[in-house]
>>> print(open('data_21.txt').read())   # compact mmCIF, C-alpha atoms
# COMPACT_ATOMS: atom_id res chain seq x y z
CA MET A 768 -32.64 -49.63 -28.95
CA THR A 769 -36.20 -50.80 -29.63
CA GLU A 770 -38.03 -51.04 -32.92
CA ASN A 771 -40.60 -48.47 -31.66
CA GLN A 772 -37.97 -45.65 -31.46
CA SER A 773 -38.13 -43.06 -34.19
CA PRO A 774 -35.06 -42.25 -36.35
CA LEU A 775 -34.76 -38.90 -34.47
CA GLN A 776 -34.63 -40.68 -31.10
CA ARG A 777 -32.07 -43.19 -32.35
CA GLY A 778 -29.76 -40.33 -33.48
CA ARG A 779 -29.58 -38.53 -30.14
CA GLY A 780 -26.75 -40.58 -28.59
CA PHE A 781 -22.98 -39.81 -28.56
CA THR A 782 -20.29 -42.26 -29.49
CA LEU A 783 -17.34 -42.89 -27.18
CA MET A 784 -15.06 -41.15 -29.67
CA GLU A 785 -17.21 -38.02 -29.62
CA LEU A 786 -17.21 -37.92 -25.82
CA LEU A 787 -13.42 -38.29 -25.71
CA LEU A 788 -13.08 -35.50 -28.25
CA VAL A 789 -15.26 -33.17 -26.17
CA LEU A 790 -13.29 -33.97 -23.00
CA THR A 791 -10.02 -33.32 -24.82
CA ILE A 792 -11.23 -29.92 -26.01
CA ILE A 793 -12.36 -29.02 -22.48
CA ALA A 794 -8.95 -30.03 -21.09
CA ILE A 795 -7.14 -27.91 -23.69
CA ILE A 796 -9.30 -24.88 -22.96
CA GLY A 797 -8.73 -25.35 -19.21
CA SER A 798 -4.95 -25.58 -19.62
CA ILE A 799 -5.01 -22.23 -21.42
CA ALA A 800 -7.56 -20.43 -19.24
CA ILE A 801 -6.36 -21.41 -15.75
CA PRO A 802 -2.83 -19.87 -16.01
CA SER A 803 -4.36 -16.72 -17.50
CA LEU A 804 -6.82 -16.55 -14.61
CA ASP A 805 -4.03 -17.02 -12.06
CA LYS A 806 -2.06 -14.22 -13.67
CA LEU A 807 -5.10 -11.94 -13.64
CA MET A 808 -5.72 -12.67 -9.95
CA GLU A 809 -2.08 -11.96 -9.04
CA ARG A 810 -2.21 -8.64 -10.87
CA GLN A 811 -5.43 -7.74 -9.09
CA LYS A 812 -3.83 -8.61 -5.75
CA LEU A 813 -0.87 -6.39 -6.65
CA ARG A 814 -3.08 -3.47 -7.59
CA SER A 815 -5.17 -3.89 -4.42
CA SER A 816 -2.04 -3.71 -2.25
CA ALA A 817 -0.82 -0.63 -4.12
CA GLU A 818 -4.24 0.94 -3.54
CA GLU A 819 -3.87 0.08 0.15
CA MET A 820 -0.63 2.07 0.20
CA ARG A 821 -2.23 4.99 -1.60
CA LEU A 822 -5.01 5.11 1.00
CA ALA A 823 -2.45 4.81 3.81
CA TRP A 824 -0.68 7.87 2.40
CA GLU A 825 -3.91 9.84 2.15
CA GLY A 826 -4.82 8.82 5.68
CA ALA A 827 -1.42 9.93 6.99
CA ARG A 828 -1.78 13.31 5.26
CA LEU A 829 -5.24 13.87 6.71
CA LYS A 830 -4.05 12.87 10.19
CA ALA A 831 -1.13 15.31 9.97
CA MET A 832 -3.53 18.11 9.07
CA ARG A 833 -6.03 17.12 11.77
CA THR A 834 -3.54 16.72 14.63
CA GLY A 835 -1.00 19.37 13.65
CA GLN A 836 1.71 16.71 13.86
CA ALA A 837 3.73 15.42 10.90
CA GLN A 838 3.45 11.73 10.02
CA VAL A 839 6.21 9.55 8.52
CA PHE A 840 5.83 6.58 6.18
CA LYS A 841 8.64 4.05 5.80
CA CYS A 842 8.85 0.72 4.02
CA GLU A 843 11.48 -2.00 4.03
CA ILE A 844 12.80 -2.68 0.52
CA GLU A 845 12.58 -6.32 -0.67
CA SER A 846 10.08 -7.06 2.09
CA ASN A 847 6.36 -6.56 2.56
CA THR A 848 6.51 -4.45 5.74
CA TYR A 849 5.86 -0.75 6.26
CA SER A 850 4.99 1.68 9.03
CA VAL A 851 3.30 5.06 9.53
CA GLU A 852 4.18 6.87 12.73
CA PRO A 853 3.95 10.38 14.18
CA LEU A 854 6.97 12.66 14.02
CA MET A 855 7.30 13.66 17.67
CA MET A 856 9.22 16.91 18.24
CA HIS A 857 10.27 18.78 21.37
CA ASP A 858 8.03 21.76 20.62
CA ASP A 859 4.96 19.70 19.72
CA VAL A 860 3.14 20.80 22.86
CA ASN A 861 2.87 24.31 21.41
CA ASN A 862 1.43 23.26 18.06
CA ILE A 863 -0.38 19.93 18.18
CA GLY A 864 -4.10 19.37 18.29
CA ASP A 865 -6.56 16.65 19.14
CA GLY A 866 -5.30 13.11 18.44
CA ALA A 867 -1.58 13.87 18.31
CA THR A 868 1.00 11.64 20.00
CA MET A 869 3.76 12.98 22.22
CA MET A 870 6.20 11.79 24.86
CA ASN A 871 5.48 12.54 28.50
CA GLY A 872 8.04 11.29 30.99
CA GLY A 873 9.22 8.64 28.55
CA THR A 874 5.70 7.40 27.86
CA ALA A 875 3.76 7.92 24.64
CA VAL A 876 0.48 9.74 25.25
CA GLU A 877 -2.31 10.91 22.97
CA THR A 878 -3.84 14.34 23.27
CA THR A 879 -7.60 14.84 23.57
CA SER A 880 -9.52 18.12 23.49
CA SER A 881 -12.13 18.65 26.19
CA THR A 882 -14.02 21.47 27.89
CA PHE A 883 -11.16 21.60 30.39
CA GLY A 884 -8.52 22.06 27.68
CA MET A 885 -6.09 19.55 26.25
CA THR A 886 -5.76 16.31 28.20
CA THR A 887 -3.62 13.24 27.60
CA THR A 888 -4.20 9.51 27.77
CA ALA A 889 -1.92 6.53 27.14
CA ALA A 890 -1.37 6.23 23.40
CA ASP A 891 -2.09 3.10 21.40
CA THR A 892 1.15 2.78 19.44
CA SER A 893 0.22 -0.51 17.78
CA SER A 894 -0.71 1.29 14.54
CA ALA A 895 2.83 2.68 14.35
CA ALA A 896 4.33 -0.80 14.55
CA SER A 897 5.31 -2.61 11.37
CA GLN A 898 2.36 -3.46 9.17
CA SER A 899 2.40 -5.57 6.04
CA ILE A 900 0.91 -6.01 2.61
CA ASP A 901 0.28 -9.44 1.06
CA GLU A 902 3.15 -11.84 1.81
CA ALA A 903 3.52 -12.67 -1.90
CA LEU A 904 4.42 -9.03 -2.67
CA LYS A 905 7.47 -6.87 -1.97
CA PHE A 906 8.39 -3.21 -1.95
CA ALA A 907 10.77 -2.87 -4.90
CA SER A 908 11.83 0.73 -4.25
CA CYS A 909 11.08 3.94 -2.36
CA ILE A 910 12.32 7.13 -3.96
CA VAL A 911 11.88 10.46 -2.12
CA SER A 912 12.82 13.77 -3.74
CA SER A 913 15.01 16.25 -1.88
CA ASP A 914 13.04 18.10 0.79
CA MET A 915 14.78 20.96 2.59
CA ARG A 916 12.52 20.68 5.63
CA ALA A 917 13.25 16.98 5.97
CA TYR A 918 16.96 17.59 5.43
CA THR A 919 17.01 20.26 8.16
CA LEU A 920 15.11 17.95 10.49
CA ALA A 921 17.48 15.07 9.85
CA GLN A 922 20.52 17.26 10.51
CA SER A 923 19.06 18.61 13.75
CA GLY A 924 18.97 15.16 15.33
CA GLU A 925 15.67 15.98 17.06
CA SER A 926 13.93 12.83 15.88
CA ALA A 927 14.95 9.20 15.68
CA VAL A 928 12.26 8.67 13.05
CA VAL A 929 13.88 10.87 10.37
CA THR A 930 17.68 10.65 10.25
CA ALA A 931 20.39 11.34 7.70
CA GLN A 932 20.42 7.61 6.95
CA SER A 933 16.65 7.25 6.48
CA ILE A 934 15.73 10.59 4.91
CA ASN A 935 15.84 9.31 1.33
CA GLN A 936 13.26 6.62 2.13
CA SER A 937 11.01 8.53 4.54
CA VAL A 938 7.80 10.00 3.12
CA ILE A 939 6.77 12.88 5.38
CA PHE A 940 3.26 14.33 5.63
CA TYR A 941 3.22 17.85 7.05
CA PRO A 942 0.42 19.59 9.03
CA ASP A 943 -0.02 22.21 6.28
CA GLY A 944 -1.12 19.52 3.81
CA THR A 945 2.12 19.34 1.83
CA THR A 946 4.18 16.17 1.70
CA SER A 947 7.39 14.70 0.39
CA THR A 948 7.37 14.12 -3.37
CA ALA A 949 7.80 10.37 -3.55
CA GLU A 950 7.22 7.11 -5.36
CA ILE A 951 7.13 3.55 -4.10
CA LYS A 952 6.93 0.42 -6.24
CA VAL A 953 5.25 -2.83 -5.23
CA ARG A 954 6.21 -6.00 -7.13
CA ASN A 955 4.98 -9.59 -7.30
CA ASP A 956 6.92 -12.79 -8.06
CA ARG A 957 6.12 -12.52 -11.76
CA GLY A 958 7.83 -9.14 -11.97
CA ASP A 959 4.58 -7.17 -12.39
CA THR A 960 5.03 -3.77 -10.75
CA VAL A 961 2.63 -1.04 -9.65
CA GLY A 962 3.84 2.29 -8.31
CA VAL A 963 2.24 4.79 -5.96
CA GLN A 964 3.22 8.41 -6.53
CA ILE A 965 2.54 11.53 -4.48
CA ARG A 966 3.12 15.20 -5.31
CA GLY A 967 4.59 17.20 -2.47
CA LEU A 968 2.84 20.51 -3.06
CA THR A 969 -0.70 19.19 -3.45
CA GLY A 970 -0.52 15.77 -1.77
CA HIS A 971 -2.18 14.27 -4.86
CA THR A 972 -1.68 10.49 -5.13
CA ARG A 973 -2.04 8.11 -8.06
CA LEU A 974 -1.29 4.52 -9.11
CA VAL A 975 1.05 3.80 -12.03
CA ALA A 976 1.50 0.38 -13.69
CA PHE A 977 5.03 -0.37 -14.85
CA ALA A 978 6.10 -2.59 -17.73
CA PRO A 979 8.64 -5.37 -16.98
CA GLY A 980 11.45 -3.11 -18.19
CA GLY A 981 10.64 -0.54 -15.54
CA ASP A 982 8.96 2.08 -17.73
CA ALA A 983 5.45 3.27 -16.99
CA ALA A 984 2.96 1.25 -19.01
CA PRO A 985 0.87 3.21 -21.51
>>> encode(input="data_21.txt", output="structure tokens")
Amino acid sequence: MTENQSPLQRGRGFTLMELLLVLTIIAIIGSIAIPSLDKLMERQKLRSSAEEMRLAWEGARLKAMRTGQAQVFKCEIESNTYSVEPLMMHDDVNNIGDGATMMNGGTAVETTSSTFGMTTTAADTSSAASQSIDEALKFASCIVSSDMRAYTLAQSGESAVVTAQSINQSVIFYPDGTTSTAEIKVRNDRGDTVGVQIRGLTGHTRLVAFAPGGDAAP
């Protein structure tokens, strides 16, 4: 410090103690904020995956209506895998439309409308294979209300997709726009849970956040 410096200039410096105090405060704020930020990001990831499921359901419903062929959603409880696949029936050829999938000589084919009528091409069944949400999340439950059509289908033995063993965890989307009434819950490692619900008569879907105890959060 020189003699030419004014008193104002001489008072602008920080002591070592003041710097240490500022760094300590920053460290304390960081230790509080970072866990809260992590928790917020995990909840956002959970909600995004639940929204992905909601859109998958809406897409399956629209495809059922467009193709005239029912679609079936299944998920594996305590895992992050799920699938959406067509419900192929013996009489599909009389009812299905453009984009439906059916078996022809043991091979899956997809129907296509043209000026010459309905034609078929080899189907891409990769979308029906198991898909997955974020690996840090799991399906906690899948509850499907009683559905007489699904029950009759399961008892008939016409489809390997919907059976007496899988009927209670198979969400079915019908060509007339109706669906199973169902709810699935997606959970993260912290126990945060978001549900996806669908009403059978209208096909309306919505997300529901659940408190740790399992009740819907207000």
>>> closest_residue(input="data_21.txt", among="A:Ala917, A:Val911, A:Leu787, A:Ile799", to="A:Val963", atoms="all atoms listed in the file")
A:Val911
>>> atom_distance(input="data_21.txt", atom1="atom CA of A:Arg966", atom2="atom CA of A:Arg821")
12.1 Å
>>> closest_residue(input="data_21.txt", among="A:Asp914, A:Leu786, A:Glu902, A:Pro853", to="A:Met832", atoms="all atoms listed in the file")
A:Pro853
>>> atom_distance(input="data_21.txt", atom1="atom CA of A:Ile951", atom2="atom CA of A:Val839")
14.0 Å
>>> atom_distance(input="data_21.txt", atom1="atom CA of A:Gly826", atom2="atom CA of A:Asn935")
21.1 Å
>>> closest_residue(input="data_21.txt", among="A:Lys841, A:Asp901, A:Glu818, A:Ser846", to="A:Ile934", atoms="all atoms listed in the file")
A:Lys841
>>> residues_near_point(input="data_21.txt", point="(-1.1, 1.9, 2.2)", cutoff="10 Å", atoms="all atoms listed in the file", output="VMD selection string")
chain A and resid 815 to 827 840 849 to 851 898 to 900 963
>>> residues_around(input="data_21.txt", residues="A:Gln922", least_positions_apart="6", cutoff="12 Å", atoms="only C-alpha atoms", output="list of chain:residue names")
A:Met915, A:Arg916, A:Val929, A:Thr930, A:Ala931, A:Gln932, A:Ser933, A:Ile934
>>> residues_around(input="data_21.txt", residues="A:Gly967", least_positions_apart="3", cutoff="7 Å", atoms="all atoms listed in the file", output="PyMOL selection string")
chain A and resi 945-948+970
>>> write_last_selection(input="data_21.txt", atoms="C-alpha atoms", output="PDB file, in the frame of the given file")
ATOM      1  CA  THR A 945       2.120  19.340   1.830  1.00  0.00           C
ATOM      2  CA  THR A 946       4.180  16.170   1.700  1.00  0.00           C
ATOM      3  CA  SER A 947       7.390  14.700   0.390  1.00  0.00           C
ATOM      4  CA  THR A 948       7.370  14.120  -3.370  1.00  0.00           C
ATOM      5  CA  GLY A 970      -0.520  15.770  -1.770  1.00  0.00           C
TER       6      GLY A 970
END
>>> closest_residue(input="data_21.txt", among="A:Ser908, A:Thr782, A:Thr791, A:Gln838", to="A:Gly962", atoms="only C-alpha atoms")
A:Ser908
>>> residues_around(input="data_21.txt", residues="A:Thr960", least_positions_apart="4", cutoff="7 Å", atoms="only C-alpha atoms", output="ChimeraX atom specification")
/A:952-955,976-977
>>> closest_residue(input="data_21.txt", among="A:Ala794, A:Ile844, A:Leu968, A:Leu788", to="A:Phe906", atoms="only C-alpha atoms")
A:Ile844
